[in-house]
Amino acid sequence: MATAPDFQYSDERFADVQMLRYRLDCFEQLTLRQKEFIFYLSQATLFGRDITFDQFGKYNLRIRRTLEAVYTDPHLPRDNDDFRALTVYLKRIWFSNGIYHHYGCEKFIPGFSPDYLRQVLKQVDAKRLPLADDQSVDALCDELFPVIFDPNILPKRVNKADGKDLVATSACNFYQNVTQQEAETFYAEKKQECPTPEELPSFGLNTTLVKDNDGKLHEEVWTTENLYANALRHIVFWLEKAKAVAENNTQQEVIDLLIQYYRTGDLRLFDQYSIAWLKMLDSRVDFINGFIEVYGDPLGLKGSWEGLVEYVDEMATKRTETISSNAQWFEDHSPVDPRFRKPVVKGVSARVICAAMLGGDEYPSTAIGINLPNADWIRAKYGSKSITISNITDAYNRAAHGNGFKEEFVIDNATLSLIEKYGDDCDNLHTDLHECLGHGSGQLLQGVDADALKSYGNTIEEARADLFALYFLADKKLVELGLLPNDEAYKAEYYSYMMNGLLTQLVRIEPGRQIEEAHMRNRALIARWCLAHGKCMELVQQEGKTFLRLHSYEELRQLVATLLAEIQRIKSEGDYEAARKLVEDYAVKIDPQLHEEILKRYEKPNLAPYKGFINPWLKPITDAEGHITDISIDYTESYDHQMLRYSTDYRTLI
């Protein structure tokens with residue numbers, strides 16, 4: 001697809017975020033039916049936005065609407081420091097789907113005062129504010145201001161600190177008046193009562209757990225008739241329209257099961273939907289829509305709502321098909337205990353796709369690779385489906401080239417040259433291996449609870465997939481398969497990965513804080529464990545700066561193999577204490593002096609540590625009778641216009 005004359009990959013920057021755009025490559029080659037299908041699925045994706053905001057904090061929607069009323073008021077003075085600070089704060093809320101940092105989970109600190117906000121709110125038309133019945137503007141301020149301004153009230157969205165009550169100290173909106181012990185006991189009892197323990201539903205995935213005034217626990221299910229009803233009804237409406245123009249009967253079946261699940265909340269239907277979705281391989285267009293990933297819950301049970309509409313990148317998919325067709329070879333040659341390998345790898349499919357629309361927990365910040373479903377028993381019995389998102393990766397790569405980051409942190413020109421030559425291809429291949437094979441590899445021993453690792457489960461699982469990818473990235477098999485050009489290329493990814501885990505990912509953390517996000521913990525765990533257990537690499541000082549020096553890539557691969565074997569054992573046996581020790585020893589704490597150094601060095605190239613995306617605006621073109629004749633793509637919408645448009649056109653919950 002030719003780049004539109006007005007297309008720009010990079011848009012604006014605010015706080016620690018740079019906004020990017022992604023192109024819909026080869027979209028014009030799709031049939032009209034496929035384009036229409038994508039459009040309807042995109043509408044279903046965008047209507048989940050308010051759900052994600054509410055899940056990430058019970059006050060998020062009201063705070064967003066309050067600040068949007070100020071931001072869009074035509075009469076308020078804008079040329080002052082307070083209004084500029086409010087603008088940045090609101091943009092951060094849009095980006096993170098709430099008042100908590102999307103990665104670190106800590107609450108944002110406003111750059112304006114409570115007095116300023118109270119003053120301007122009294123000048124705004126009260127009809128545009130989220131006032132409760134008979135509530136005054138002052139009462140609204142009294143309700144919301146402690147949440148906005150007091151750092152001690154609901155300070156973290158997801159708390160993972162060892163020894164704390166993770167439910168009581170997390171501000172995510174999945175539990176009401178419930179302790180961690182109560183929640184864990186509640187779901188343990190549900191598992192014990194399940195008549196089919198070998199095929200456990202994902203208990204808790206689509207509910208809020210509430211303690212009544214009488215002390216009894218019950219779940220409020222997220223359905224079209226209960227919690228989040230209005231949003232889910234809109235999603236179902238557009239799914240029905242998508243079903244009518246689906247490419248084939250398989251897609252229609254998948255959409256029908258998803259609609260039934262949204263209407264009933266029945267987790268058995270969700271399992272049926274997941275299995276049917278796995279088998280949907282003969283379609284150019286695919287999608288993710290629902291309560292999926294559990295990183296937003298400190299207990300790893302509740303699914304944050306997310307949406308993704310995609311279509312196959314046919315050229316790039318040849319790479320992932322090569323990997324998936326050799327899945328059994330990789331499983332058989334894994335360095336883990338044979339007891340933990342799958343004797344027969346089933347249903348491994350992998351595609352490279354182009355994202356057509358991002359929504360919910362996948363917007364504006366998104367993953368570059370996804371492997372689903374998450375239920376271990378479905379993966380073992382039916383397999384998994386992996387995607388790597390090529391147009392998102394392309395946008396990231398274009399933003400990274402020439403920005404000065406590598407020159408600042410890579411130890412020497414020889415290593416820098418290696419990374420420049422092979423880095424992008426190796427990074428894409430690492431993602432493919434991570435998603436397609438890493439998450440799909442290995443097996444639990446019979447009787448092991450999939451949730452046995454509790455709050456450490458997400459970190460261990462991401463480490464397992466990364467280690468699997470790192471181990472095989474250095475295997476000659478990849479050269480034989482034509483996936484890498486030679487035996488040296490993998491070194492680019494080894495160096496970049498370890499440098500990130502030891503040094504550069506620290507720019508994403510505020511001074512004085514620890515590592516809490518699961519993916520960051522995973523990378524730190526791997527890099528720090530390898531640093532501590534071998535002599536193949538070290539941190540050295542050059543001209544007052546800390547660099548990674550890697551002496552032996554071959555020895556590093558052996559360390560990766562050893563750690564992969566242990567991580568797989570922990571997962572397969574459900575060894576909670578071993579998981580806890582690994583994570584707490586290697587993945588959490590930060591050297592404050594090193595942290596300060598990395599932050600200062602990152603200021604030199606003036607880079608934003610986080611990237612996010614502005615969605616293309618899909619616009620139907622219709623004939624005189626109102627029939628869609630094409631879908632046009634508008635890449636020119638600004639970040640604030642898109643966010644305000646979404647808050648107007650897709651507002652469902654307040």
# chains A, B, ... in the order shown; residues from 1 in each chain; ligands from 1
call {"tool": "closest_atom_pairs", "arguments": {"of": "range 169-233 of chain A", "to": "range 33-53 of chain A", "cutoff": "12 Å", "atoms": "only C-alpha atoms", "output": "JSON lines"}}
result
{"residue": "A:Cys172", "atom": "CA", "partner": "A:Phe53", "partner_atom": "CA", "distance": 9.8}
{"residue": "A:Asn173", "atom": "CA", "partner": "A:Phe53", "partner_atom": "CA", "distance": 9.5}
{"residue": "A:Phe174", "atom": "CA", "partner": "A:Thr52", "partner_atom": "CA", "distance": 11.2}
{"residue": "A:Asn206", "atom": "CA", "partner": "A:Ile51", "partner_atom": "CA", "distance": 11.6}
{"residue": "A:Trp222", "atom": "CA", "partner": "A:Ile51", "partner_atom": "CA", "distance": 9.7}
{"residue": "A:Thr223", "atom": "CA", "partner": "A:Ile51", "partner_atom": "CA", "distance": 11.5}
{"residue": "A:Leu227", "atom": "CA", "partner": "A:Ile51", "partner_atom": "CA", "distance": 9.7}
{"residue": "A:Tyr228", "atom": "CA", "partner": "A:Ile51", "partner_atom": "CA", "distance": 6.7}
{"residue": "A:Ala229", "atom": "CA", "partner": "A:Ile51", "partner_atom": "CA", "distance": 9.9}
{"residue": "A:Asn230", "atom": "CA", "partner": "A:Phe47", "partner_atom": "CA", "distance": 9.6}
{"residue": "A:Ala231", "atom": "CA", "partner": "A:Phe47", "partner_atom": "CA", "distance": 6.2}
{"residue": "A:Leu232", "atom": "CA", "partner": "A:Gly48", "partner_atom": "CA", "distance": 7.3}
{"residue": "A:Arg233", "atom": "CA", "partner": "A:Phe47", "partner_atom": "CA", "distance": 9.3}
call {"tool": "closest_atom_pairs", "arguments": {"of": "range 246-335 of chain A", "to": "range 426-438 of chain A", "cutoff": "7 Å", "atoms": "only C-alpha atoms", "output": "JSON lines"}}
result
{"residue": "A:Thr320", "atom": "CA", "partner": "A:Asp432", "partner_atom": "CA", "distance": 6.5}
{"residue": "A:Ser324", "atom": "CA", "partner": "A:Cys436", "partner_atom": "CA", "distance": 6.8}
{"residue": "A:Ala327", "atom": "CA", "partner": "A:Leu437", "partner_atom": "CA", "distance": 6.7}
call {"tool": "select_by_dssp", "arguments": {"residues": "range 279-497 of chain A", "states": "strand (DSSP E or B)", "output": "PyMOL selection string"}}
result
chain A and resi 285-291+305-312+348-360+369-372+384-389
call {"tool": "write_last_selection", "arguments": {"atoms": "C-alpha atoms", "output": "compact mmCIF listing (two decimals), in the first residue's frame"}}
result
# COMPACT_ATOMS: atom_id res chain seq x y z
CA VAL A 285 -9.94 -11.25 8.82
CA ASP A 286 -9.77 -12.11 12.51
CA PHE A 287 -10.46 -10.35 15.80
CA ILE A 288 -10.11 -10.41 19.58
CA ASN A 289 -13.03 -9.05 21.58
CA GLY A 290 -13.68 -9.64 25.24
CA PHE A 291 -12.42 -9.99 28.80
CA TRP A 305 -11.74 -5.83 28.28
CA GLU A 306 -9.79 -5.53 25.04
CA GLY A 307 -10.42 -5.44 21.33
CA LEU A 308 -8.33 -5.94 18.22
CA VAL A 309 -9.42 -6.18 14.59
CA GLU A 310 -6.86 -7.63 12.22
CA TYR A 311 -6.27 -9.05 8.77
CA VAL A 312 -3.52 -11.38 7.60
CA VAL A 348 -0.21 -24.54 16.88
CA SER A 349 -1.06 -21.81 14.38
CA ALA A 350 0.71 -18.54 13.84
CA ARG A 351 0.08 -15.55 11.64
CA VAL A 352 1.56 -12.17 11.02
CA ILE A 353 -1.29 -9.69 10.89
CA CYS A 354 -1.98 -6.03 10.29
CA ALA A 355 -3.96 -4.32 13.02
CA ALA A 356 -6.99 -2.49 11.65
CA MET A 357 -8.35 -1.19 14.97
CA LEU A 358 -7.16 -1.19 18.58
CA GLY A 359 -9.49 -0.96 21.57
CA GLY A 360 -9.79 -1.29 25.32
CA GLY A 369 2.39 -10.22 19.71
CA ILE A 370 -0.46 -12.20 21.24
CA ASN A 371 -0.99 -15.89 22.00
CA LEU A 372 -4.45 -17.11 23.01
CA SER A 384 -3.24 -22.05 20.60
CA LYS A 385 -3.27 -19.27 18.04
CA SER A 386 -0.49 -16.70 17.82
CA ILE A 387 -0.24 -13.39 16.06
CA THR A 388 2.56 -10.94 15.46
CA ILE A 389 1.38 -7.45 14.50
call {"tool": "atom_distance", "arguments": {"atom1": "CA of Ile323 in chain A", "atom2": "CA of Gln272 in chain A"}}
result
26.7 Å
call {"tool": "residues_around", "arguments": {"residues": "Asp630 in chain A", "least_positions_apart": "3", "cutoff": "9 Å", "atoms": "only C-alpha atoms", "output": "PyMOL selection string"}}
result
chain A and resi 32+35-36+619-622
call {"tool": "write_last_selection", "arguments": {"atoms": "C-alpha atoms", "output": "CSV table (one decimal), in the first residue's frame"}}
result
chain,number,residue,atom,x,y,z
A,32,LEU,CA,-15.6,-5.0,-0.1
A,35,LYS,CA,-13.7,-4.2,4.5
A,36,GLU,CA,-17.3,-4.0,5.7
A,619,LYS,CA,-15.2,5.9,7.3
A,620,PRO,CA,-17.9,4.2,5.2
A,621,ILE,CA,-18.6,5.4,1.8
A,622,THR,CA,-22.3,4.8,0.8
call {"tool": "residues_around", "arguments": {"residues": "Ala161 in chain A", "least_positions_apart": "3", "cutoff": "8 Å", "atoms": "only C-alpha atoms", "output": "list of chain:residue names"}}
result
A:Lys164, A:Leu166, A:Glu516
call {"tool": "write_last_selection", "arguments": {"atoms": "all heavy atoms", "output": "CSV table (one decimal), in the first residue's frame"}}
result
chain,number,residue,atom,x,y,z
A,164,LYS,N,1.9,-7.9,51.2
A,164,LYS,CA,0.7,-7.0,51.3
A,164,LYS,C,-0.6,-7.8,50.9
A,164,LYS,O,-0.5,-8.8,50.2
A,164,LYS,CB,0.9,-5.8,50.4
A,164,LYS,CG,2.1,-5.0,50.7
A,164,LYS,CD,2.0,-4.3,52.1
A,164,LYS,CE,3.2,-3.3,52.3
A,164,LYS,NZ,3.1,-2.7,53.6
A,166,LEU,N,-2.9,-7.9,48.4
A,166,LEU,CA,-2.8,-7.4,47.1
A,166,LEU,C,-4.2,-6.9,46.6
A,166,LEU,O,-4.3,-6.0,45.7
A,166,LEU,CB,-2.3,-8.5,46.1
A,166,LEU,CG,-0.9,-9.0,46.5
A,166,LEU,CD1,-0.4,-10.0,45.4
A,166,LEU,CD2,0.1,-7.9,46.7
A,516,GLU,N,7.3,-3.7,39.0
A,516,GLU,CA,6.1,-4.4,39.3
A,516,GLU,C,5.4,-5.0,38.1
A,516,GLU,O,4.7,-6.0,38.2
A,516,GLU,CB,5.1,-3.4,40.1
A,516,GLU,CG,5.7,-2.9,41.4
A,516,GLU,CD,4.6,-2.4,42.3
A,516,GLU,OE1,3.5,-3.1,42.4
A,516,GLU,OE2,4.8,-1.4,43.0
call {"tool": "residues_around", "arguments": {"residues": "Tyr103 in chain A", "least_positions_apart": "2", "cutoff": "7 Å", "atoms": "only C-alpha atoms", "output": "ChimeraX atom specification"}}
result
/A:101,105,517
call {"tool": "select_by_dssp", "arguments": {"residues": "range 294-405 of chain A", "states": "helix (DSSP H, G or I)", "output": "MDAnalysis selection string"}}
result
chainID A and resid 314:325 327:332 338:340 376:382 390:400 405
call {"tool": "write_last_selection", "arguments": {"atoms": "N, CA and C atoms", "output": "compact mmCIF listing (two decimals), in the first residue's frame"}}
result
# COMPACT_ATOMS: atom_id res chain seq x y z
N GLU A 314 -0.08 -11.54 4.42
CA GLU A 314 0.16 -12.84 3.79
C GLU A 314 1.64 -13.11 3.53
N MET A 315 2.40 -12.10 3.16
CA MET A 315 3.82 -12.31 2.89
C MET A 315 4.56 -12.67 4.17
N ALA A 316 4.36 -11.88 5.22
CA ALA A 316 5.10 -12.10 6.47
C ALA A 316 4.65 -13.37 7.18
N THR A 317 3.42 -13.82 6.93
CA THR A 317 2.92 -15.02 7.60
C THR A 317 3.69 -16.27 7.19
N LYS A 318 4.34 -16.24 6.05
CA LYS A 318 5.14 -17.39 5.65
C LYS A 318 6.21 -17.71 6.70
N ARG A 319 6.72 -16.67 7.36
CA ARG A 319 7.72 -16.87 8.41
C ARG A 319 7.14 -17.63 9.60
N THR A 320 5.97 -17.20 10.05
CA THR A 320 5.37 -17.85 11.22
C THR A 320 4.84 -19.24 10.88
N GLU A 321 4.41 -19.44 9.66
CA GLU A 321 3.97 -20.78 9.25
C GLU A 321 5.13 -21.77 9.27
N THR A 322 6.32 -21.29 8.92
CA THR A 322 7.50 -22.14 9.00
C THR A 322 7.76 -22.56 10.44
N ILE A 323 7.62 -21.61 11.35
CA ILE A 323 7.83 -21.92 12.77
C ILE A 323 6.78 -22.90 13.28
N SER A 324 5.51 -22.61 13.03
CA SER A 324 4.44 -23.45 13.58
C SER A 324 4.46 -24.86 12.99
N SER A 325 4.88 -24.99 11.72
CA SER A 325 4.92 -26.32 11.11
C SER A 325 6.04 -27.19 11.69
N ALA A 327 6.72 -27.05 15.05
CA ALA A 327 6.50 -26.92 16.49
C ALA A 327 6.92 -28.17 17.26
N GLN A 328 6.66 -29.34 16.71
CA GLN A 328 7.01 -30.56 17.43
C GLN A 328 8.52 -30.69 17.57
N TRP A 329 9.28 -30.30 16.55
CA TRP A 329 10.75 -30.36 16.64
C TRP A 329 11.24 -29.49 17.78
N PHE A 330 10.70 -28.27 17.87
CA PHE A 330 11.14 -27.37 18.93
C PHE A 330 10.78 -27.92 20.30
N GLU A 331 9.58 -28.46 20.43
CA GLU A 331 9.17 -29.03 21.72
C GLU A 331 10.08 -30.20 22.10
N ASP A 332 10.38 -31.06 21.15
CA ASP A 332 11.21 -32.24 21.43
C ASP A 332 12.64 -31.87 21.80
N PRO A 338 12.00 -33.90 30.20
CA PRO A 338 11.02 -34.51 29.28
C PRO A 338 9.63 -34.68 29.88
N ARG A 339 9.54 -34.77 31.21
CA ARG A 339 8.22 -34.91 31.84
C ARG A 339 7.34 -33.70 31.58
N PHE A 340 8.00 -32.55 31.35
CA PHE A 340 7.25 -31.31 31.20
C PHE A 340 7.02 -30.92 29.75
N ASP A 376 -5.15 -23.17 30.21
CA ASP A 376 -4.14 -24.21 29.98
C ASP A 376 -4.73 -25.49 29.42
N TRP A 377 -5.93 -25.86 29.87
CA TRP A 377 -6.49 -27.12 29.40
C TRP A 377 -6.90 -27.04 27.93
N ILE A 378 -7.34 -25.86 27.48
CA ILE A 378 -7.67 -25.69 26.06
C ILE A 378 -6.40 -25.74 25.22
N ARG A 379 -5.35 -25.11 25.71
CA ARG A 379 -4.08 -25.11 24.98
C ARG A 379 -3.54 -26.54 24.85
N ALA A 380 -3.67 -27.30 25.93
CA ALA A 380 -3.16 -28.67 25.90
C ALA A 380 -3.97 -29.56 24.96
N LYS A 381 -5.28 -29.37 24.93
CA LYS A 381 -6.17 -30.25 24.18
C LYS A 381 -6.37 -29.81 22.73
N TYR A 382 -6.41 -28.46 22.54
CA TYR A 382 -6.76 -27.95 21.21
C TYR A 382 -5.67 -27.07 20.59
N SER A 390 2.45 -6.86 12.41
CA SER A 390 3.54 -6.31 11.58
C SER A 390 3.50 -4.80 11.45
N ASN A 391 2.32 -4.22 11.28
CA ASN A 391 2.30 -2.77 11.06
C ASN A 391 2.56 -1.99 12.36
N ILE A 392 2.28 -2.60 13.50
CA ILE A 392 2.64 -1.96 14.78
C ILE A 392 4.15 -2.04 14.97
N THR A 393 4.73 -3.21 14.72
CA THR A 393 6.18 -3.37 14.83
C THR A 393 6.90 -2.43 13.88
N ASP A 394 6.39 -2.30 12.68
CA ASP A 394 7.00 -1.40 11.70
C ASP A 394 7.01 0.03 12.19
N ALA A 395 5.92 0.46 12.79
CA ALA A 395 5.85 1.83 13.31
C ALA A 395 6.85 2.03 14.45
N TYR A 396 6.96 1.04 15.35
CA TYR A 396 7.95 1.12 16.42
C TYR A 396 9.37 1.22 15.84
N ASN A 397 9.68 0.38 14.88
CA ASN A 397 11.03 0.37 14.31
C ASN A 397 11.36 1.69 13.63
N ARG A 398 10.42 2.25 12.90
CA ARG A 398 10.66 3.52 12.22
C ARG A 398 10.90 4.64 13.23
N ALA A 399 10.19 4.58 14.36
CA ALA A 399 10.37 5.61 15.39
C ALA A 399 11.71 5.48 16.09
N ALA A 400 12.25 4.24 16.13
CA ALA A 400 13.49 3.99 16.88
C ALA A 400 14.74 4.30 16.09
N PHE A 405 19.29 6.40 20.76
CA PHE A 405 19.20 5.51 21.93
C PHE A 405 20.31 4.45 21.92
